[in-house]
Amino acid sequence: MVRREIGNNIRSIVIVAVIAGLLYPVISSIMPGWEVMLTYGIILAIAALGFNLLFNYTGLLSFGHAAFVGLGAYAVGLSVKYIGLRILEVQVLIGVLLSALLALIVGFIAVRYRGIFFAILMLVTAQILWGFYVKFYHITGGTDGIRIPRPTLFFIYDTTGLGYHAFNMVYHYYALLWFTVLAIIMWYIVNSPFGYTLRVIKDAETRAVALGVNVNRYRLLALVISAIYAGIAGALYAPINRLVTPDLAYWTLSGKIVFMSILGGTMYFLGPIIGALTYVYLETIAQRITIHWYLILGITIIAIMFFMPRGLLGLTELEGFKKMARLFSALRLQFKF
Amino acid sequence: MSLDTLARYILDTFFFASLISLIVSGLNIIYGVMRIVNLAHASLFTLGAYTVAWITANYIVKIFGSNLILLLVLPLTIAVIVTVLVSLVMVTPLLRYSYGKGDAFQLIVTFALLIIFEELFQIVWGRMPLAANDAFFAMGTVNLFGSPYPLYKVFVIIVAFLIILALWLLTYRTYLGLLLRATSMDSEMVQALGANVIRLIVVAIITASLLAGLGGALYVPTASVALGLSLDVLIVAFVGLVIGGLGSFIGSLIGALIVSIFRTLSIYFFPELELVILFTVALIVLIFKPEGIGGGKGW
Amino acid sequence: MSVSRRDFLRGLIGGLILGGAATALGLYVAAPEWFRRRFVEKPVTEVERVPARPLKIGLQFMTRGGGAPWGDPTFKGAMLAVEEINAAGGILGRRIEPVIKDETSPDETVREYKAMIGEGIEFYVGLISSSNTPAVAPVAEEAGIISFFVDGCTDILFEKTVPDPKFSFRITNIQSADGVTAALGAIKFFNLMEKDKVRIAHIHPDYAYGRNAHAHMQIVFEKVLGRDRVEVVEEFWPGLFRVTDFGPFITKMMAGRTDIVATSLWAMDFINFYKQALAYGLFKVAKVVSTISHGIAPHLVESDYPEGFVAGVHANYYFLYPEHESYPLNKIFVENYRKRWGEYPTNGSEGAYTAVYLYKAAVERAYGALGRWPEADELIKFIEGASIYGPAGILTIRARRPNKHQGYKNAIVGISKVDPRYGFNILANPLRIPIERITVPEGWEGREDPTMAYNWIRETWREGELPV
Amino acid sequence: MLKAEGLHVSISGVEILRGVTLTVARGTIVCLLGRNGAGKTTTIKTIMGFYKPVKGRVTIDNMELTSKSVHERVKYGVSYAPEDLRIFPWLTVEENIKLAAKLAGRNVDEAIEIALGVFPEIRGFLKRQGFYLSGGEKRMVAIARALAQNPKYMLLDELLEGLAPIVVERLSKALREIASKGVGILIAESNVMLAKRIVDEAYIIERGEIIYSGSIDKALETENIARILGVKIKP
């Protein structure tokens, strides 16, 4: 296995976070309205990170991660609707517990299967939840969804009084904080003995079994962690969207999460993050160019799959890019900066 | 429940099962030969439906009036031809090059193809739903224990039955069927024995497209066709596929029938739970028999 | 890690290049506009009384998928107004420039709405679905964009979601009026007052609109006919545009010996439903009352529609009424609309058309008072409480709670009938219902669960008596 | 003559074969002997066309096969029985053989007769599905299936492993019978003792290279080769 150095270290996470932080005021001043996408992007990146723990490190393709995203979002929505809870951290915790519980229940069965069966099992799970949200109108509000009031952050900071732009900005940095912490934790997870074991299981399952590894237990744990990430993303998604609807558990969202990770490059730790951030803008730009933007999306997906299987970060391995990197480091040595 | 109601329910169940089984068996042929679950398959169903709706309303009715035979046969034939041609241009090459590239790759590529189809329908046929119920009404109704039932739905059930029968004969009574079944069990070995698997793949995709296009063409006189139909159809077909078993011919039929039965039952008893029930059945089947009811034995 | 410094550099360069490329792409798309705003046009100053830049209007309707027969004419109505105003020189000389987005699920609709704000719209006309107005309105309030919702008329919007709106308005009649009008139409046209027992089957789309229509039709039946004379045989809740085969539903209705099928299915759902119901012979045994059957483009209501059922137009407007001879405003609108789009307008077209003109009228009045182009929060005062003559007659925007910012006009319901002059099925024998007789009056204070109108009817209507 | 000349094969960046050269003449049985992972299966699969060699060529009676795809090679008279046999599990034995004959363009009834001529036992389970066959039966069917294609050359991968000596004896006899009809057989084997029961001449492969060709007995006299093949040399 070729080692993918680029985008697989802890500093690059910090760099992305810092860039996402600095870029927000810049975008909002030169292209107002475009800055919200950045927030959506980093929140979806959290879900994509969870997805990739399963996909790249464990070798399981989940076509139903929207199940956990939806559960996280509905944890926020239902806790607001029925107990008036608005402290976001507590809501996130509820989302995490529910996602983990669901992952444990489904995973108990699902981790025994691979490939298409695992993908379908996850898809079916998500669709059942979706059916529940849609059909139980009196509990979930059906397709109308549940409106989310402004949350209280850090237990004491009530955001109700903030204006539209002020709240968006505050929430962006709040989400960014979650993102940074979660991404760093994920980096430690994939580079821990646990993470290496997952990779051994993925590449050579029989060898792992021979070494006495309980393969299914490892897979289950990976699924639970992955679900927790998606759940947190769902919970964080609710307040910025102001609305929780069954769409958040629909298979198209699962598809989007898969696509984001592929776009960025699933072989890289940073891939899903870059993918999510690029995707939200790609979607917006494509929508501006043409009303037939799904056509562009579809063609892009196919082109990436055939011609850029390593995704956007795969470009950094091109010779030209490497040459530039060498040039840059030579310059740096020369001038000692 | 009175007799006429019961009879209607049974016929409705079979009608829905007929359409679903046409799609599911197509999905299964492709899966059998290539090990690809083609998510874009339902788009061909929609394509067939759009073609019939468009051609009937714009040409057939205007040129030939409401001649029943022409209304039934002509749009159906054209739709099937269009579907197969489009499949040859768009679906076949993509699937061919996705062959053997891994589950993730294939699922993602076919998903993208589904999106592209959805958008192309919009460009060609606009955003309005299309309908062409002429054949449906021209056929009239049949008296079913005292209340009317649309004859067209019976016609669809019969046509689907004949198609399935032909498919069965093809699979179990011909050399091509033998080859197809062998390929669904072990395509590499078939190749090593001297079969041109790529050619077989093309044949399989065309057959599947034909079935899907026919399904859509049969469906459209009973309802209208709109954007988003592919997704709805795909999801139901998918449940049928899972229940019946991936890559199994008998499974396709069983799956379609079970989906249809549960759908009718849930509409009758718990209309709120229709989708939940369908997916729960699929989940239960996956847990206890992950290869599906008829799965695991090749096509 | 020993190599981490090199990793760091590579990561940095990768990030920079990707970031740069993304920014460049973004700039390529957005820059001309931004550039123009920054450097070419002079910034708006206090001295400048009317900004020179075009006036951007956001238009967002369901123009694809099953909702298209409804959303498409609505969009056309708005575009007609925009084109007419532009041809006449714009609003105070400002050309209107439409920014067009799609209305889909609430989630995506809100995101698109936000994107429109980013593109600098100054006012907004949009929305068909009752799922979407409660989703978009809070955002409109926060962002301070004057937004006219053409439809999406759920009572919840101005009762619960934004009880004290500033920037959001709604043109269509409130949703409770829809169910009430249809039920009253059924009682009148079918002479239900004379029947001993009425067996009703409900079939409604499973979201706010359907739930709402169900509640209001049911309360009117129960109140006017008397609770024990009404028997509900079945209730079906097919998901909006999710069911194409209504066979099982229809079979069950017929099995239950239904007299009246009460429905609020619309657009594609209604078309599929009635075609299958025809084939199953439902209309031979049961009468149908629909809140909304004739709300789609009139020519799409084909001549095979069953005749003689209670046809609703969402309690709003039909292109034949008010009669053209006595009300030329409608005649002109219908003719212009026909000339532009080659078809007859719907109540949605009328609503969107009137909304654009309402904005124009308000701006002009504000200009008269202030002597300059009004800010959004100044403009509100000129819309609240205002009345405007539209093609449908007079439309009044309510200024006080409950249902502040809701538009009111007289409701209409009729009988479906094939008209050889048009070659399609029209709404005939119009029954016009004064809106104040069927909606919550200003200042009424009552419970809002499920809606105020529901409780108002329950508490104030006299049992066994027709209010109109 | 089936010839492989200087085959170099890489699989996902790892070089598996490094210049393998061997020849099989019609009417002879040639054994490719080596440890697990030495490159036996890769050699056979490359001759069959499953792997494209980086360098080197495959010819049959001086006709170039290197660029031909797998299914075309069957038409030139090569047939193949893989290591895991790959009998189609849900087809009957008869259908298995029929399919092979048909794909090679042969008359089906004739082909079945020929196969039954070598393995009369098969007649007893002709209608049984492949899934329900025992290991020994499967191997017979695998050989019969290859034979039904009327090949000039047969490639058999690890056919004898794990069988009872009596079955080995039966299969060896059959192979000799087939060879006597003018078919060239290349058989891959890791067990020297089993190989010796069938044939004396062998190519010995180690780490992707042919390190010896000739008599097995002679080879075992060389300490190095004997160690590779896991045979203890008597003092």
# chains A, B, ... in the order shown; residues from 1 in each chain; ligands from 1

$ residues_around --residues "A:Ile42" --least-positions-apart "5" --cutoff "8 Å" --atoms "only C-alpha atoms" --output "count of residues only"
6

$ closest_atom_pairs --of "chain B" --to "chain A" --cutoff "10 Å" --atoms "only C-alpha atoms" --output "CSV"
residue,atom,partner,partner_atom,distance
B:Arg35,CA,A:Ile116,CA,9.5
B:Ile36,CA,A:Ile116,CA,9.1
B:Val37,CA,A:Ile116,CA,8.2
B:Leu94,CA,A:Ile302,CA,9.1
B:Tyr97,CA,A:Phe306,CA,9.0
B:Ser98,CA,A:Phe306,CA,8.8
B:Gly102,CA,A:Gly115,CA,8.5
B:Asp103,CA,A:Gly115,CA,6.2
B:Ala104,CA,A:Leu61,CA,6.5
B:Phe105,CA,A:Met305,CA,6.9
B:Gln106,CA,A:Met305,CA,9.3
B:Leu107,CA,A:Ile116,CA,8.7
B:Ile108,CA,A:Phe259,CA,7.5
B:Val109,CA,A:Ile302,CA,5.5
B:Thr110,CA,A:Ile302,CA,8.6
B:Phe111,CA,A:Gly255,CA,8.0
B:Ala112,CA,A:Gly298,CA,4.4
B:Leu113,CA,A:Gly298,CA,6.3
B:Leu114,CA,A:Gly298,CA,7.9
B:Ile115,CA,A:Gly298,CA,5.6
B:Ile116,CA,A:Leu295,CA,4.9
B:Phe117,CA,A:Leu295,CA,8.1
B:Glu118,CA,A:Leu295,CA,8.2
B:Glu119,CA,A:Leu295,CA,5.7
B:Leu120,CA,A:Leu295,CA,7.5
B:Gln122,CA,A:His292,CA,8.4
B:Ile123,CA,A:His292,CA,8.0
B:Leu231,CA,A:Thr252,CA,9.7
B:Ile235,CA,A:Gln127,CA,9.1
B:Phe238,CA,A:Ile120,CA,8.9
B:Val239,CA,A:Val124,CA,8.3
B:Val242,CA,A:Ile120,CA,8.2
B:Leu246,CA,A:Phe117,CA,9.5
B:Pro271,CA,A:Lys135,CA,9.1
B:Glu272,CA,A:Lys135,CA,5.6
B:Leu273,CA,A:Lys135,CA,6.7
B:Glu274,CA,A:Gly131,CA,8.3
B:Leu275,CA,A:Gly131,CA,5.6
B:Val276,CA,A:Ile128,CA,5.2
B:Ile277,CA,A:Ile128,CA,8.3
B:Leu278,CA,A:Ile128,CA,8.6
B:Phe279,CA,A:Ile128,CA,5.8
B:Thr280,CA,A:Ile128,CA,7.0
B:Ala282,CA,A:Val124,CA,7.6
B:Leu283,CA,A:Val124,CA,6.8
B:Leu286,CA,A:Leu121,CA,7.4
B:Ile287,CA,A:Ile109,CA,6.7
B:Phe288,CA,A:Ile109,CA,9.7
B:Pro290,CA,A:Phe117,CA,7.5
B:Glu291,CA,A:Phe117,CA,8.5

$ closest_atom_pairs --of "chain C" --to "chain A" --cutoff "6 Å" --atoms "only C-alpha atoms" --output "CSV"
residue,atom,partner,partner_atom,distance
C:Gly11,CA,A:Gly7,CA,5.5
C:Ala115,CA,A:Gly33,CA,6.0
C:Gly118,CA,A:Gly33,CA,3.5
C:Ser131,CA,A:Asp144,CA,4.7
C:Glu142,CA,A:Tyr164,CA,4.9
C:Ala143,CA,A:Tyr164,CA,5.6
C:Tyr207,CA,A:Thr143,CA,6.0

$ interface_residues --of "chain B" --to "chain C" --cutoff "8 Å" --atoms "only C-alpha atoms" --output "ChimeraX atom specification"
/B:1-2,5,8-9,12,122,126-129,137,140-141,147-150,222-224,226-228,232,264,267-268,271-272

$ residues_around --residues "C:Val136" --least-positions-apart "4" --cutoff "8 Å" --atoms "only C-alpha atoms" --output "list in words"
Pro106, Thr109, Val110, Tyr113, Asn132 and Ala140 of chain C

$ closest_residue --among "B:Val33, B:Leu144, B:Leu210, B:Leu180" --to "B:Leu3" --atoms "only C-alpha atoms"
B:Leu144

$ decode --residues "stretch 166-177 of chain A" --atoms "all heavy atoms" --output "PDB file, in the first residue's frame"
ATOM      1  N   ALA A 166     -25.446  37.853  12.326  1.00  0.00           N
ATOM      2  CA  ALA A 166     -24.658  37.659  13.545  1.00  0.00           C
ATOM      3  C   ALA A 166     -24.746  36.220  14.010  1.00  0.00           C
ATOM      4  O   ALA A 166     -23.735  35.588  14.333  1.00  0.00           O
ATOM      5  CB  ALA A 166     -25.163  38.600  14.628  1.00  0.00           C
ATOM      6  N   PHE A 167     -25.973  35.671  13.976  1.00  0.00           N
ATOM      7  CA  PHE A 167     -26.116  34.288  14.416  1.00  0.00           C
ATOM      8  C   PHE A 167     -25.341  33.342  13.506  1.00  0.00           C
ATOM      9  O   PHE A 167     -24.639  32.453  13.974  1.00  0.00           O
ATOM     10  CB  PHE A 167     -27.590  33.875  14.454  1.00  0.00           C
ATOM     11  CG  PHE A 167     -27.766  32.407  14.713  1.00  0.00           C
ATOM     12  CD1 PHE A 167     -27.548  31.890  15.979  1.00  0.00           C
ATOM     13  CD2 PHE A 167     -28.101  31.536  13.684  1.00  0.00           C
ATOM     14  CE1 PHE A 167     -27.686  30.542  16.225  1.00  0.00           C
ATOM     15  CE2 PHE A 167     -28.234  30.179  13.923  1.00  0.00           C
ATOM     16  CZ  PHE A 167     -28.022  29.689  15.199  1.00  0.00           C
ATOM     17  N   ASN A 168     -25.473  33.566  12.203  1.00  0.00           N
ATOM     18  CA  ASN A 168     -24.757  32.708  11.259  1.00  0.00           C
ATOM     19  C   ASN A 168     -23.267  32.687  11.569  1.00  0.00           C
ATOM     20  O   ASN A 168     -22.618  31.656  11.524  1.00  0.00           O
ATOM     21  CB  ASN A 168     -24.968  33.200   9.823  1.00  0.00           C
ATOM     22  CG  ASN A 168     -26.308  32.751   9.284  1.00  0.00           C
ATOM     23  OD1 ASN A 168     -27.019  32.015   9.954  1.00  0.00           O
ATOM     24  ND2 ASN A 168     -26.648  33.212   8.103  1.00  0.00           N
ATOM     25  N   MET A 169     -22.743  33.849  11.869  1.00  0.00           N
ATOM     26  CA  MET A 169     -21.305  33.961  12.120  1.00  0.00           C
ATOM     27  C   MET A 169     -20.935  33.245  13.418  1.00  0.00           C
ATOM     28  O   MET A 169     -20.010  32.436  13.457  1.00  0.00           O
ATOM     29  CB  MET A 169     -20.945  35.439  12.215  1.00  0.00           C
ATOM     30  CG  MET A 169     -19.485  35.692  12.282  1.00  0.00           C
ATOM     31  SD  MET A 169     -19.102  36.997  11.106  1.00  0.00           S
ATOM     32  CE  MET A 169     -17.453  37.382  11.556  1.00  0.00           C
ATOM     33  N   VAL A 170     -21.701  33.543  14.479  1.00  0.00           N
ATOM     34  CA  VAL A 170     -21.431  32.886  15.764  1.00  0.00           C
ATOM     35  C   VAL A 170     -21.497  31.373  15.586  1.00  0.00           C
ATOM     36  O   VAL A 170     -20.624  30.638  16.022  1.00  0.00           O
ATOM     37  CB  VAL A 170     -22.465  33.343  16.819  1.00  0.00           C
ATOM     38  CG1 VAL A 170     -22.411  32.443  18.052  1.00  0.00           C
ATOM     39  CG2 VAL A 170     -22.226  34.785  17.198  1.00  0.00           C
ATOM     40  N   TYR A 171     -22.531  30.939  14.870  1.00  0.00           N
ATOM     41  CA  TYR A 171     -22.732  29.510  14.740  1.00  0.00           C
ATOM     42  C   TYR A 171     -21.633  28.873  13.912  1.00  0.00           C
ATOM     43  O   TYR A 171     -21.237  27.733  14.151  1.00  0.00           O
ATOM     44  CB  TYR A 171     -24.104  29.208  14.132  1.00  0.00           C
ATOM     45  CG  TYR A 171     -24.510  27.792  14.388  1.00  0.00           C
ATOM     46  CD1 TYR A 171     -24.950  27.415  15.647  1.00  0.00           C
ATOM     47  CD2 TYR A 171     -24.399  26.824  13.397  1.00  0.00           C
ATOM     48  CE1 TYR A 171     -25.289  26.108  15.918  1.00  0.00           C
ATOM     49  CE2 TYR A 171     -24.729  25.517  13.668  1.00  0.00           C
ATOM     50  CZ  TYR A 171     -25.177  25.169  14.919  1.00  0.00           C
ATOM     51  OH  TYR A 171     -25.492  23.865  15.182  1.00  0.00           O
ATOM     52  N   HIS A 172     -21.140  29.616  12.937  1.00  0.00           N
ATOM     53  CA  HIS A 172     -20.053  29.088  12.121  1.00  0.00           C
ATOM     54  C   HIS A 172     -18.859  28.732  12.993  1.00  0.00           C
ATOM     55  O   HIS A 172     -18.303  27.635  12.901  1.00  0.00           O
ATOM     56  CB  HIS A 172     -19.638  30.101  11.064  1.00  0.00           C
ATOM     57  CG  HIS A 172     -18.465  29.664  10.252  1.00  0.00           C
ATOM     58  ND1 HIS A 172     -18.570  28.709   9.261  1.00  0.00           N
ATOM     59  CD2 HIS A 172     -17.159  30.005  10.308  1.00  0.00           C
ATOM     60  CE1 HIS A 172     -17.384  28.499   8.735  1.00  0.00           C
ATOM     61  NE2 HIS A 172     -16.499  29.280   9.349  1.00  0.00           N
ATOM     62  N   TYR A 173     -18.464  29.656  13.869  1.00  0.00           N
ATOM     63  CA  TYR A 173     -17.285  29.381  14.689  1.00  0.00           C
ATOM     64  C   TYR A 173     -17.567  28.301  15.720  1.00  0.00           C
ATOM     65  O   TYR A 173     -16.682  27.518  16.069  1.00  0.00           O
ATOM     66  CB  TYR A 173     -16.776  30.674  15.330  1.00  0.00           C
ATOM     67  CG  TYR A 173     -16.170  31.558  14.268  1.00  0.00           C
ATOM     68  CD1 TYR A 173     -16.825  32.680  13.798  1.00  0.00           C
ATOM     69  CD2 TYR A 173     -14.961  31.210  13.683  1.00  0.00           C
ATOM     70  CE1 TYR A 173     -16.297  33.458  12.793  1.00  0.00           C
ATOM     71  CE2 TYR A 173     -14.418  31.976  12.664  1.00  0.00           C
ATOM     72  CZ  TYR A 173     -15.088  33.092  12.221  1.00  0.00           C
ATOM     73  OH  TYR A 173     -14.564  33.828  11.211  1.00  0.00           O
ATOM     74  N   TYR A 174     -18.812  28.273  16.153  1.00  0.00           N
ATOM     75  CA  TYR A 174     -19.193  27.212  17.088  1.00  0.00           C
ATOM     76  C   TYR A 174     -19.060  25.841  16.422  1.00  0.00           C
ATOM     77  O   TYR A 174     -18.457  24.913  16.961  1.00  0.00           O
ATOM     78  CB  TYR A 174     -20.629  27.455  17.543  1.00  0.00           C
ATOM     79  CG  TYR A 174     -21.161  26.391  18.461  1.00  0.00           C
ATOM     80  CD1 TYR A 174     -20.791  26.348  19.803  1.00  0.00           C
ATOM     81  CD2 TYR A 174     -22.057  25.432  17.989  1.00  0.00           C
ATOM     82  CE1 TYR A 174     -21.292  25.384  20.631  1.00  0.00           C
ATOM     83  CE2 TYR A 174     -22.560  24.451  18.823  1.00  0.00           C
ATOM     84  CZ  TYR A 174     -22.167  24.436  20.150  1.00  0.00           C
ATOM     85  OH  TYR A 174     -22.653  23.460  20.972  1.00  0.00           O
ATOM     86  N   ALA A 175     -19.593  25.749  15.206  1.00  0.00           N
ATOM     87  CA  ALA A 175     -19.504  24.483  14.470  1.00  0.00           C
ATOM     88  C   ALA A 175     -18.054  24.157  14.141  1.00  0.00           C
ATOM     89  O   ALA A 175     -17.638  22.994  14.162  1.00  0.00           O
ATOM     90  CB  ALA A 175     -20.332  24.563  13.193  1.00  0.00           C
ATOM     91  N   LEU A 176     -17.291  25.188  13.850  1.00  0.00           N
ATOM     92  CA  LEU A 176     -15.881  24.992  13.505  1.00  0.00           C
ATOM     93  C   LEU A 176     -15.131  24.376  14.685  1.00  0.00           C
ATOM     94  O   LEU A 176     -14.263  23.523  14.510  1.00  0.00           O
ATOM     95  CB  LEU A 176     -15.268  26.342  13.121  1.00  0.00           C
ATOM     96  CG  LEU A 176     -13.964  26.287  12.344  1.00  0.00           C
ATOM     97  CD1 LEU A 176     -14.135  25.489  11.072  1.00  0.00           C
ATOM     98  CD2 LEU A 176     -13.492  27.692  12.025  1.00  0.00           C
ATOM     99  N   LEU A 177     -15.500  24.827  15.881  1.00  0.00           N
ATOM    100  CA  LEU A 177     -14.867  24.285  17.078  1.00  0.00           C
ATOM    101  C   LEU A 177     -15.145  22.788  17.184  1.00  0.00           C
ATOM    102  O   LEU A 177     -14.232  21.979  17.373  1.00  0.00           O
ATOM    103  CB  LEU A 177     -15.421  25.019  18.306  1.00  0.00           C
ATOM    104  CG  LEU A 177     -14.727  24.689  19.617  1.00  0.00           C
ATOM    105  CD1 LEU A 177     -13.316  25.248  19.597  1.00  0.00           C
ATOM    106  CD2 LEU A 177     -15.526  25.263  20.780  1.00  0.00           C
TER     107      LEU A 177
END
